$ cat data21.csv   # CSV, C-alpha atoms (C1' of nucleotides)
chain,number,residue,atom,x,y,z
Z,39,MET,CA,9.4,25.6,-9.9
Z,40,GLY,CA,8.7,22.4,-11.7
Z,41,GLU,CA,12.0,21.7,-13.3
Z,42,SER,CA,14.1,19.1,-11.5
Z,43,GLY,CA,16.5,21.6,-10.1
Z,44,ASP,CA,17.8,22.0,-6.5
Z,45,ASN,CA,14.6,21.1,-4.9
Z,46,MET,CA,14.7,19.3,-1.6
Z,47,PHE,CA,12.6,16.2,-1.1
Z,48,ILE,CA,11.0,15.8,2.3
Z,49,GLY,CA,8.1,14.0,3.8
Z,50,GLN,CA,6.8,10.5,4.2
Z,51,TYR,CA,4.1,9.0,2.0
Z,52,ASN,CA,2.3,5.7,2.4
Z,53,HIS,CA,1.2,4.1,-0.8
Z,54,THR,CA,0.7,0.6,-2.3
Z,55,ILE,CA,2.5,-1.3,-4.9
Z,56,ASP,CA,0.1,-3.5,-6.9
Z,57,SER,CA,0.5,-7.0,-8.4
Z,58,LYS,CA,2.0,-5.6,-11.5
Z,59,GLY,CA,4.8,-3.7,-9.7
Z,60,ARG,CA,3.3,-0.3,-10.1
Z,61,ILE,CA,3.5,2.4,-7.5
Z,62,ILE,CA,2.4,6.0,-7.6
Z,63,ILE,CA,4.8,8.9,-7.1
Z,64,PRO,CA,3.0,11.3,-4.8
Z,65,SER,CA,1.8,14.3,-6.9
Z,66,LYS,CA,3.6,16.7,-4.6
Z,67,LEU,CA,6.9,15.2,-5.6
Z,68,ARG,CA,6.3,14.7,-9.3
Z,69,ASN,CA,7.2,18.2,-10.3
Z,70,ASP,CA,10.4,18.3,-8.4
Z,71,LEU,CA,11.5,14.9,-9.8
Z,72,GLY,CA,10.9,15.8,-13.4
Z,73,ASN,CA,10.0,13.5,-16.2
Z,74,ASN,CA,13.3,11.6,-16.5
Z,75,PHE,CA,14.6,9.9,-13.4
Z,76,ILE,CA,16.5,6.8,-12.3
Z,77,ILE,CA,15.6,4.1,-9.9
Z,78,THR,CA,18.2,1.8,-8.5
Z,79,ARG,CA,19.2,-0.3,-5.6
Z,80,GLY,CA,19.9,1.9,-2.6
Z,81,LEU,CA,21.7,1.4,0.7
Z,82,ASP,CA,20.3,0.0,3.9
Z,83,GLY,CA,17.6,-2.1,2.2
Z,84,CYS,CA,15.7,0.5,0.3
Z,85,LEU,CA,15.5,1.8,-3.3
Z,86,PHE,CA,16.8,5.2,-4.4
Z,87,ILE,CA,15.2,7.4,-7.0
Z,88,TYR,CA,17.2,10.3,-8.4
Z,89,SER,CA,16.3,13.0,-10.8
Z,90,SER,CA,18.4,12.6,-13.9
Z,91,SER,CA,20.5,15.7,-13.1
Z,92,GLU,CA,21.2,14.5,-9.6
Z,93,TRP,CA,22.1,11.1,-11.1
Z,94,MET,CA,24.6,12.7,-13.3
Z,95,ASN,CA,26.2,14.4,-10.4
Z,96,ILE,CA,26.6,11.2,-8.5
Z,97,ILE,CA,28.0,9.2,-11.4
Z,98,SER,CA,30.5,11.9,-12.2
Z,99,LYS,CA,31.9,11.7,-8.6
Z,100,TYR,CA,32.5,8.0,-9.0
Z,101,LYS,CA,34.0,8.3,-12.4
Z,102,GLU,CA,36.9,10.3,-11.0
Z,103,LEU,CA,37.9,7.6,-8.6
Z,104,PRO,CA,40.9,5.4,-9.5
Z,105,ASP,CA,39.9,2.2,-11.3
Z,106,THR,CA,40.3,-0.4,-8.5
Z,107,LYS,CA,38.6,-3.7,-8.3
Z,108,GLU,CA,36.4,-2.3,-5.5
Z,109,LYS,CA,35.3,0.5,-7.7
Z,110,ARG,CA,34.5,-1.9,-10.6
Z,111,ASN,CA,32.5,-4.2,-8.3
Z,112,PHE,CA,30.5,-1.3,-6.9
Z,113,MET,CA,29.9,0.3,-10.2
Z,114,ARG,CA,28.7,-3.0,-11.7
Z,115,ILE,CA,26.0,-3.5,-9.1
Z,116,PHE,CA,25.1,0.1,-8.8
Z,117,LEU,CA,24.7,0.6,-12.5
Z,118,SER,CA,23.3,-2.8,-13.5
Z,119,LEU,CA,20.3,-2.4,-11.2
Z,120,ALA,CA,19.6,1.2,-12.3
Z,121,THR,CA,16.7,1.8,-14.7
Z,122,VAL,CA,15.4,4.9,-16.4
Z,123,CYS,CA,11.8,5.4,-15.3
Z,124,GLU,CA,8.8,7.2,-16.7
Z,125,TYR,CA,5.3,7.8,-15.4
Z,126,ASP,CA,2.2,6.2,-16.8
Z,127,LYS,CA,-0.8,8.3,-17.3
Z,128,GLN,CA,-1.8,8.0,-13.7
Z,129,GLY,CA,1.6,9.1,-12.3
Z,130,ARG,CA,2.8,5.6,-11.5
Z,131,ILE,CA,6.1,4.0,-12.2
Z,132,ASN,CA,7.0,0.4,-12.8
Z,133,ILE,CA,9.5,-1.1,-10.5
Z,134,PRO,CA,11.7,-3.9,-12.0
Z,135,SER,CA,11.2,-7.2,-10.2
Z,136,PRO,CA,14.9,-7.5,-9.1
Z,137,LEU,CA,14.5,-4.3,-7.2
Z,138,ILE,CA,11.2,-5.4,-5.8
Z,139,SER,CA,12.7,-8.5,-4.3
Z,140,TYR,CA,15.8,-6.6,-3.1
Z,141,ALA,CA,13.8,-4.1,-1.2
Z,142,ASN,CA,11.4,-6.8,0.0
Z,143,LEU,CA,8.4,-4.8,-1.3
Z,144,LYS,CA,5.0,-6.4,-0.5
Z,145,LYS,CA,1.8,-4.4,-0.8
Z,146,ASP,CA,2.3,-1.5,1.6
Z,147,CYS,CA,5.3,0.8,0.9
Z,148,VAL,CA,6.7,4.0,2.2
Z,149,ILE,CA,8.1,6.7,0.0
Z,150,VAL,CA,10.5,9.0,1.8
Z,151,GLY,CA,12.0,12.3,0.7
Z,152,VAL,CA,15.7,12.5,1.8
Z,153,TYR,CA,17.0,15.7,0.5
Z,154,ASP,CA,18.3,14.9,-3.0
Z,155,ARG,CA,16.6,11.6,-3.5
Z,156,LEU,CA,13.5,9.6,-2.9
Z,157,GLU,CA,13.6,6.3,-1.1
Z,158,ILE,CA,11.2,3.4,-1.3
Z,159,TRP,CA,10.8,1.1,1.7
Z,160,SER,CA,8.6,-1.8,2.5
Z,161,ARG,CA,6.3,-0.7,5.2
Z,162,GLU,CA,7.5,-3.5,7.4
Z,163,ASP,CA,11.2,-2.6,7.0
Z,164,TRP,CA,10.5,1.1,7.5
Z,165,ASP,CA,8.7,0.5,10.8
Z,166,ILE,CA,11.6,-1.6,12.0
Z,167,PHE,CA,14.0,1.1,11.0
Z,168,ILE,CA,12.0,3.8,12.8
Z,169,THR,CA,11.7,1.7,15.9
Z,170,ASN,CA,15.4,1.0,16.0
Z,171,ASN,CA,16.5,4.6,15.4
Z,172,SER,CA,14.0,7.2,16.4
Z,173,SER,CA,14.3,6.9,20.2
Z,174,ASN,CA,18.0,8.0,20.1
Z,175,LEU,CA,17.6,10.6,17.5
Z,176,SER,CA,19.2,13.4,19.5
Z,177,ASP,CA,22.1,11.0,20.4
Z,178,THR,CA,22.6,10.3,16.7
Z,179,LEU,CA,22.7,14.0,16.0
Z,180,ASP,CA,25.2,14.6,18.8
Z,181,SER,CA,27.5,11.9,17.6
Z,182,LEU,CA,27.3,13.2,14.0
Z,183,LEU,CA,28.4,16.7,15.0
K,233,MET,CA,8.1,43.3,7.1
K,234,GLY,CA,6.4,40.6,5.1
K,235,GLU,CA,9.3,38.6,3.8
K,236,SER,CA,10.3,35.6,5.9
K,237,GLY,CA,13.5,37.2,7.0
K,238,ASP,CA,15.2,37.5,10.4
K,239,ASN,CA,12.1,38.1,12.4
K,240,MET,CA,11.7,37.1,15.9
K,241,PHE,CA,8.6,35.2,16.9
K,242,ILE,CA,7.2,35.8,20.4
K,243,GLY,CA,3.9,35.4,22.2
K,244,GLN,CA,1.3,32.8,23.0
K,245,TYR,CA,-1.9,32.2,21.0
K,246,ASN,CA,-4.8,29.9,21.9
K,247,HIS,CA,-6.6,28.4,18.9
K,248,THR,CA,-8.4,25.3,17.9
K,249,ILE,CA,-7.7,22.5,15.5
K,250,ASP,CA,-10.7,21.1,13.8
K,251,SER,CA,-11.6,17.6,12.8
K,252,LYS,CA,-9.8,17.9,9.5
K,253,GLY,CA,-6.5,18.9,11.1
K,254,ARG,CA,-6.8,22.6,10.2
K,255,ILE,CA,-5.5,25.3,12.6
K,256,ILE,CA,-5.1,29.0,12.0
K,257,ILE,CA,-1.8,30.7,12.0
K,258,PRO,CA,-2.4,34.0,14.0
K,259,SER,CA,-2.6,36.9,11.5
K,260,LYS,CA,0.1,38.7,13.4
K,261,LEU,CA,2.5,35.9,12.7
K,262,ARG,CA,1.6,35.3,9.0
K,263,ASN,CA,3.7,38.1,7.6
K,264,ASP,CA,6.8,37.1,9.4
K,265,LEU,CA,6.4,33.4,8.5
K,266,GLY,CA,6.0,34.1,4.8
K,267,ASN,CA,4.1,31.9,2.4
K,268,ASN,CA,6.5,28.9,2.3
K,269,PHE,CA,7.3,27.2,5.6
K,270,ILE,CA,7.9,23.8,7.1
K,271,ILE,CA,6.2,22.0,9.9
K,272,THR,CA,7.9,19.1,11.5
K,273,ARG,CA,8.2,17.0,14.7
K,274,GLY,CA,9.8,19.1,17.4
K,275,LEU,CA,11.4,18.3,20.7
K,276,ASP,CA,9.7,17.8,24.1
K,277,GLY,CA,6.3,16.8,22.6
K,278,CYS,CA,5.5,19.8,20.4
K,279,LEU,CA,5.7,20.6,16.7
K,280,PHE,CA,8.1,23.1,15.2
K,281,ILE,CA,7.3,25.5,12.3
K,282,TYR,CA,10.2,27.1,10.5
K,283,SER,CA,10.2,29.7,7.7
K,284,SER,CA,11.7,28.2,4.6
K,285,SER,CA,14.8,30.4,4.9
K,286,GLU,CA,15.4,29.3,8.5
K,287,TRP,CA,14.8,25.7,7.5
K,288,MET,CA,17.5,26.0,4.8
K,289,ASN,CA,19.9,27.2,7.5
K,290,ILE,CA,19.3,24.2,9.6
K,291,ILE,CA,19.5,21.7,6.7
K,292,SER,CA,22.7,23.2,5.2
K,293,LYS,CA,24.6,22.3,8.4
K,294,TYR,CA,23.8,18.6,8.0
K,295,LYS,CA,24.2,18.5,4.3
K,296,GLU,CA,28.0,19.0,4.5
K,297,LEU,CA,28.6,16.0,6.7
K,298,PRO,CA,30.2,12.9,5.1
K,299,ASP,CA,27.8,10.3,3.8
K,300,THR,CA,27.9,7.7,6.6
K,301,LYS,CA,25.3,5.3,7.8
K,302,GLU,CA,24.6,7.5,10.8
K,303,LYS,CA,24.0,10.5,8.7
K,304,ARG,CA,21.7,8.6,6.3
K,305,ASN,CA,19.7,7.4,9.3
K,306,PHE,CA,19.4,10.8,10.9
K,307,MET,CA,18.4,12.5,7.6
K,308,ARG,CA,15.8,9.9,6.8
K,309,ILE,CA,14.0,10.4,10.1
K,310,PHE,CA,14.5,14.1,10.3
K,311,LEU,CA,13.3,14.9,6.8
K,312,SER,CA,10.6,12.3,6.6
K,313,LEU,CA,8.7,14.0,9.4
K,314,ALA,CA,8.8,17.4,7.7
K,315,THR,CA,6.1,18.8,5.4
K,316,VAL,CA,5.9,21.9,3.3
K,317,CYS,CA,2.8,24.0,4.3
K,318,GLU,CA,0.6,26.5,2.7
K,319,TYR,CA,-2.3,28.6,4.0
K,320,ASP,CA,-5.9,28.2,2.9
K,321,LYS,CA,-8.0,31.3,2.1
K,322,GLN,CA,-8.7,31.8,5.8
K,323,GLY,CA,-5.0,31.6,6.9
K,324,ARG,CA,-5.1,28.0,8.2
K,325,ILE,CA,-2.7,25.2,7.7
K,326,ASN,CA,-3.2,21.5,7.5
K,327,ILE,CA,-1.3,19.4,10.0
K,328,PRO,CA,-0.5,15.8,8.8
K,329,SER,CA,-2.0,13.2,11.0
K,330,PRO,CA,1.3,11.6,12.1
K,331,LEU,CA,2.2,15.0,13.6
K,332,ILE,CA,-1.2,15.4,15.2
K,333,SER,CA,-0.8,12.2,17.0
K,334,TYR,CA,2.8,12.8,17.9
K,335,ALA,CA,1.9,16.1,19.6
K,336,ASN,CA,-1.2,14.7,21.1
K,337,LEU,CA,-3.3,17.5,19.6
K,338,LYS,CA,-7.0,17.5,20.6
K,339,LYS,CA,-9.3,20.5,20.1
K,340,ASP,CA,-7.5,23.2,22.0
K,341,CYS,CA,-4.0,24.1,21.0
K,342,VAL,CA,-1.4,26.7,21.9
K,343,ILE,CA,0.8,28.4,19.3
K,344,VAL,CA,4.0,29.8,20.8
K,345,GLY,CA,6.6,32.1,19.3
K,346,VAL,CA,10.1,30.9,20.2
K,347,TYR,CA,12.6,33.2,18.5
K,348,ASP,CA,13.3,31.6,15.2
K,349,ARG,CA,10.3,29.2,15.1
K,350,LEU,CA,6.7,28.6,16.1
K,351,GLU,CA,5.7,25.8,18.3
K,352,ILE,CA,2.4,24.0,18.5
K,353,TRP,CA,1.3,22.4,21.7
K,354,SER,CA,-1.8,20.7,22.9
K,355,ARG,CA,-3.4,22.9,25.5
K,356,GLU,CA,-3.1,20.1,28.0
K,357,ASP,CA,0.6,19.5,27.5
K,358,TRP,CA,1.3,23.2,27.5
K,359,ASP,CA,-0.4,23.7,30.9
K,360,ILE,CA,1.6,20.8,32.3
K,361,PHE,CA,4.8,22.2,30.9
K,362,ILE,CA,4.1,25.6,32.4
K,363,THR,CA,3.1,24.2,35.8
K,364,ASN,CA,6.3,22.1,36.0
K,365,ASN,CA,8.7,24.9,34.9
K,366,SER,CA,7.4,28.3,35.8
K,367,SER,CA,8.0,28.0,39.5
K,368,ASN,CA,11.7,27.5,39.2
K,369,LEU,CA,12.2,29.8,36.3
K,370,SER,CA,15.0,31.7,38.0
K,371,ASP,CA,16.8,28.5,38.9
K,372,THR,CA,16.6,27.3,35.3
K,373,LEU,CA,18.1,30.6,34.2
K,374,ASP,CA,20.8,30.4,36.8
K,375,SER,CA,21.9,27.0,35.8
K,376,LEU,CA,21.9,28.0,32.1
K,377,LEU,CA,24.3,30.9,32.7
N,224,DC,C1',9.4,-17.8,-40.1
N,225,DC,C1',5.4,-18.6,-37.5
N,226,DA,C1',2.7,-19.5,-33.4
N,227,DC,C1',2.5,-19.0,-28.6
N,228,DT,C1',3.5,-16.8,-24.2
N,229,DT,C1',4.7,-13.2,-21.4
N,230,DT,C1',5.3,-8.5,-20.3
N,231,DC,C1',4.2,-3.9,-20.6
N,232,DC,C1',1.1,0.1,-21.3
N,233,DC,C1',-3.1,2.5,-22.0
N,234,DC,C1',-7.6,3.1,-20.7
N,235,DC,C1',-11.5,3.2,-17.8
N,236,DA,C1',-14.0,3.0,-13.3
N,237,DC,C1',-14.2,3.5,-8.6
N,238,DT,C1',-12.8,5.3,-4.0
N,239,DA,C1',-10.3,8.3,-0.9
N,240,DA,C1',-8.1,12.4,0.3
N,241,DT,C1',-7.6,17.2,-0.3
N,242,DA,C1',-8.5,21.8,-1.3
N,243,DA,C1',-11.9,25.5,-2.4
N,244,DC,C1',-16.0,27.7,-1.1
N,245,DC,C1',-19.2,29.8,1.9
N,246,DA,C1',-21.7,31.0,6.0
N,247,DC,C1',-21.5,32.2,10.5
N,248,DT,C1',-19.4,33.7,15.1
N,249,DT,C1',-16.2,36.2,17.8
N,250,DC,C1',-12.9,39.6,18.6
N,251,DT,C1',-10.9,44.5,17.7
N,252,DT,C1',-10.8,49.0,17.0
N,253,DA,C1',-12.3,53.3,15.9
H,15,DT,C1',-21.8,50.4,19.3
H,16,DA,C1',-21.1,49.7,14.6
H,17,DA,C1',-17.9,48.1,11.0
H,18,DG,C1',-14.3,45.5,9.7
H,19,DA,C1',-11.0,41.9,10.5
H,20,DA,C1',-10.0,37.4,12.4
H,21,DG,C1',-11.3,32.8,13.5
H,22,DT,C1',-14.3,28.5,13.2
H,23,DG,C1',-16.9,24.9,11.1
H,24,DG,C1',-19.3,22.4,7.5
H,25,DT,C1',-20.5,21.3,2.5
H,26,DT,C1',-19.1,20.8,-2.0
H,27,DA,C1',-16.0,20.2,-5.8
H,28,DT,C1',-11.8,18.7,-7.5
H,29,DT,C1',-7.8,16.1,-7.6
H,30,DA,C1',-5.1,12.0,-6.2
H,31,DG,C1',-4.7,7.2,-5.7
H,32,DT,C1',-6.1,2.2,-6.5
H,33,DG,C1',-7.3,-1.7,-9.1
H,34,DG,C1',-8.4,-4.4,-13.0
H,35,DG,C1',-9.3,-5.5,-18.2
H,36,DG,C1',-7.8,-5.6,-22.8
H,37,DG,C1',-4.6,-4.7,-26.7
H,38,DA,C1',0.0,-3.9,-28.5
H,39,DA,C1',4.7,-5.2,-28.4
H,40,DA,C1',8.5,-7.9,-27.3
H,41,DG,C1',10.5,-12.4,-26.1
H,42,DT,C1',10.7,-17.7,-26.6
H,43,DG,C1',10.5,-22.1,-28.8
H,44,DG,C1',9.5,-25.1,-32.3

$ encode --input "data21.csv" --output "C-alpha cells"
Amino acid sequence: MGESGDNMFIGQYNHTIDSKGRIIIPSKLRNDLGNNFIITRGLDGCLFIYSSSEWMNIISKYKELPDTKEKRNFMRIFLSLATVCEYDKQGRINIPSPLISYANLKKDCVIVGVYDRLEIWSREDWDIFITNNSSNLSDTLDSLL
Amino acid sequence: MGESGDNMFIGQYNHTIDSKGRIIIPSKLRNDLGNNFIITRGLDGCLFIYSSSEWMNIISKYKELPDTKEKRNFMRIFLSLATVCEYDKQGRINIPSPLISYANLKKDCVIVGVYDRLEIWSREDWDIFITNNSSNLSDTLDSLL
DNA sequence: CCACTTTCCCCCACTAATAACCACTTCTTA
DNA sequence: TAAGAAGTGGTTATTAGTGGGGGAAAGTGG
C-alpha cells in the first residue's frame, strides 16, 4: 500500500484550519492520497480532494461529452477552481481563499472519506447536513435501490 | 481457516471496554475476521464489524449507482462513520468515540456473531433487546416466513 | 528598475492523541 | 492442580496535530 491506487477513503476527522488557510490531512489518509493531488470546489457546499490518478479518470469522462454550452460552463468553474496541492513538512495543505469562502470554512472543519475522494466541510455545515439526513438514512437507502 | 473468507460468525461473548475505548475481539473470532476489518455504526443501536472482503461486497453494490444527490448524501454518512481497525498485541481494537457514544457503550459489552458480521452491544441494551424479543421468538419467525 | 507589500514556506516549539509495552488476573485444558 | 492461553488495566514512549515567527519569493506601484 502507499501508492494512490484503488484505495477507499472512509471515516470522519475533525481538524482545524488556521488563519493562514492551512489544514492537516490526517496521517491515515496521506499514504492513500499520494503526494500529488487536486483540491477543487465540490458539490453540496464542500470541497473535493482527488488523488491525481482519480482526477484524471474524472476529467477524461467529461472530455468525451459533446461540446455544449452547459459543458463549457461546468468545465470552466470546475477547472478554474482546481488547484494542485502539496503537503508542507507537517502534512498540511494550503487551501486557496476562493475555496475557503465557497465552503464557508471557519476554524473547525470536518474531513470526510467518501470512497474515491476526500471532502472538506465546515463543522457547522456538516452538523446541519447530518441533522437533516441521518434520521432517514434507511429511507434514503430504500429510495436509492 | 484464518483468511477472512466466507466464515459464519455465531455466539455471544461478554467482555469489557476500558477507559481508552479498547475492547478485545474474542480469540475464537480473530482468525475468521482476519487482520483488516471495518467497524461502523450499525442498526438498532449497536455497532457492526465486517471483514474487509465482506465490506467490499457491501460497498460495491452502492458504487454502481448513478451519481445523484441522494447517493452522495447516503455515501457520505455511511462511509464517514466507518473506520479501519487493527488489533493491538493483546488482540484488542480501538473503538472511535463517536461510535462509543452512539452505541451507548459503558464498561460491560456484548459481542455477538450474526452470520457475516459481528455486533457490539452495551450489556444494558442487549439485555433489554433479549427481554423484549425472546418471549415471542416463534411469532417473529412465523411472521418472517 | 527599484522599493515596498504581500503571500507563501520552512522551521521550531508545544500539546494532544495514539500506539507500544508490561504486569497482572482470570479462564481453559490437560 | 499446574501450565499455558486469554483477557484486563495502567504507564510510558512515540507520533500526530496546532500555532506562531521569520525569511525567501513573488506581486504591485511608483

$ interface_residues --input "data21.csv" --of "chain H" --to "chain Z" --cutoff "9 Å" --atoms "all atoms listed in the file" --output "PyMOL selection string"
chain H and resi 30-33

$ calpha_fit_rmsd --input "data21.csv" --fixed "chain K" --moving "chain Z"
1.0 Å

$ closest_atom_pairs --input "data21.csv" --of "chain Z" --to "chain N" --cutoff "10 Å" --atoms "all atoms listed in the file" --output "tab-separated table"
residue	atom	partner	partner_atom	distance
Z:Lys58	CA	N:DC231	C1'	9.5
Z:Asp126	CA	N:DC232	C1'	7.7
Z:Lys127	CA	N:DC233	C1'	7.8
Z:Asn132	CA	N:DC231	C1'	9.3

$ residues_around --input "data21.csv" --residues "Ser118 in chain Z" --least-positions-apart "2" --cutoff "12 Å" --atoms "all atoms listed in the file" --output "number ranges by chain"
Z: 76-79, 110-116, 120-122, 134, 136-137

$ interface_residues --input "data21.csv" --of "chain Z" --to "chain K" --cutoff "6 Å" --atoms "all atoms listed in the file" --output "list in words"
Ile48, Gly49, Gln50, Val150 and Val152 of chain Z

$ atom_distance --input "data21.csv" --atom1 "CA of Asn171 in chain Z" --atom2 "CA of Leu143 in chain Z"
20.8 Å

$ residues_around --input "data21.csv" --residues "Asn239 in chain K" --least-positions-apart "4" --cutoff "8 Å" --atoms "all atoms listed in the file" --output "PyMOL selection string"
chain K and resi 264+347-348

$ atom_distance --input "data21.csv" --atom1 "CA of Ala141 in chain Z" --atom2 "CA of Met46 in chain Z"
23.4 Å

$ atom_distance --input "data21.csv" --atom1 "CA of Cys341 in chain K" --atom2 "CA of Arg355 in chain K"
4.7 Å

$ decode --input "data21.csv" --residues "range 297-342 of chain K" --atoms "C-alpha atoms" --output "tab-separated table (two decimals), in the first residue's frame"
chain	number	residue	atom	x	y	z
K	297	LEU	CA	-25.48	3.59	-8.64
K	298	PRO	CA	-25.65	6.83	-10.67
K	299	ASP	CA	-24.17	9.90	-9.00
K	300	THR	CA	-27.27	11.65	-7.72
K	301	LYS	CA	-27.58	13.89	-4.71
K	302	GLU	CA	-29.31	11.10	-2.80
K	303	LYS	CA	-26.43	8.78	-3.44
K	304	ARG	CA	-23.86	11.36	-2.39
K	305	ASN	CA	-25.72	12.04	0.85
K	306	PHE	CA	-26.06	8.39	1.67
K	307	MET	CA	-22.44	7.58	0.91
K	308	ARG	CA	-21.19	10.50	2.98
K	309	ILE	CA	-23.00	9.37	6.08
K	310	PHE	CA	-22.46	5.68	5.58
K	311	LEU	CA	-18.74	5.94	4.89
K	312	SER	CA	-17.96	8.72	7.35
K	313	LEU	CA	-18.99	6.52	10.23
K	314	ALA	CA	-16.75	3.62	9.21
K	315	THR	CA	-13.20	3.06	10.43
K	316	VAL	CA	-10.49	0.59	9.52
K	317	CYS	CA	-9.42	-1.38	12.59
K	318	GLU	CA	-6.37	-3.29	13.68
K	319	TYR	CA	-5.50	-5.38	16.69
K	320	ASP	CA	-3.02	-4.38	19.33
K	321	LYS	CA	-0.63	-7.03	20.69
K	322	GLN	CA	-3.32	-8.32	23.04
K	323	GLY	CA	-5.96	-8.73	20.34
K	324	ARG	CA	-7.92	-5.62	21.22
K	325	ILE	CA	-9.34	-2.94	18.94
K	326	ASN	CA	-9.87	0.75	19.50
K	327	ILE	CA	-13.41	2.00	19.08
K	328	PRO	CA	-13.70	5.64	17.97
K	329	SER	CA	-15.52	7.80	20.48
K	330	PRO	CA	-18.42	8.76	18.17
K	331	LEU	CA	-19.26	5.09	17.86
K	332	ILE	CA	-18.92	4.51	21.59
K	333	SER	CA	-21.46	7.19	22.31
K	334	TYR	CA	-23.77	6.06	19.53
K	335	ALA	CA	-23.89	2.52	20.90
K	336	ASN	CA	-24.06	3.75	24.48
K	337	LEU	CA	-21.09	1.58	25.48
K	338	LYS	CA	-20.24	1.66	29.17
K	339	LYS	CA	-17.96	-0.90	30.80
K	340	ASP	CA	-19.74	-4.16	30.07
K	341	CYS	CA	-20.32	-5.06	26.45
K	342	VAL	CA	-21.62	-8.00	24.46
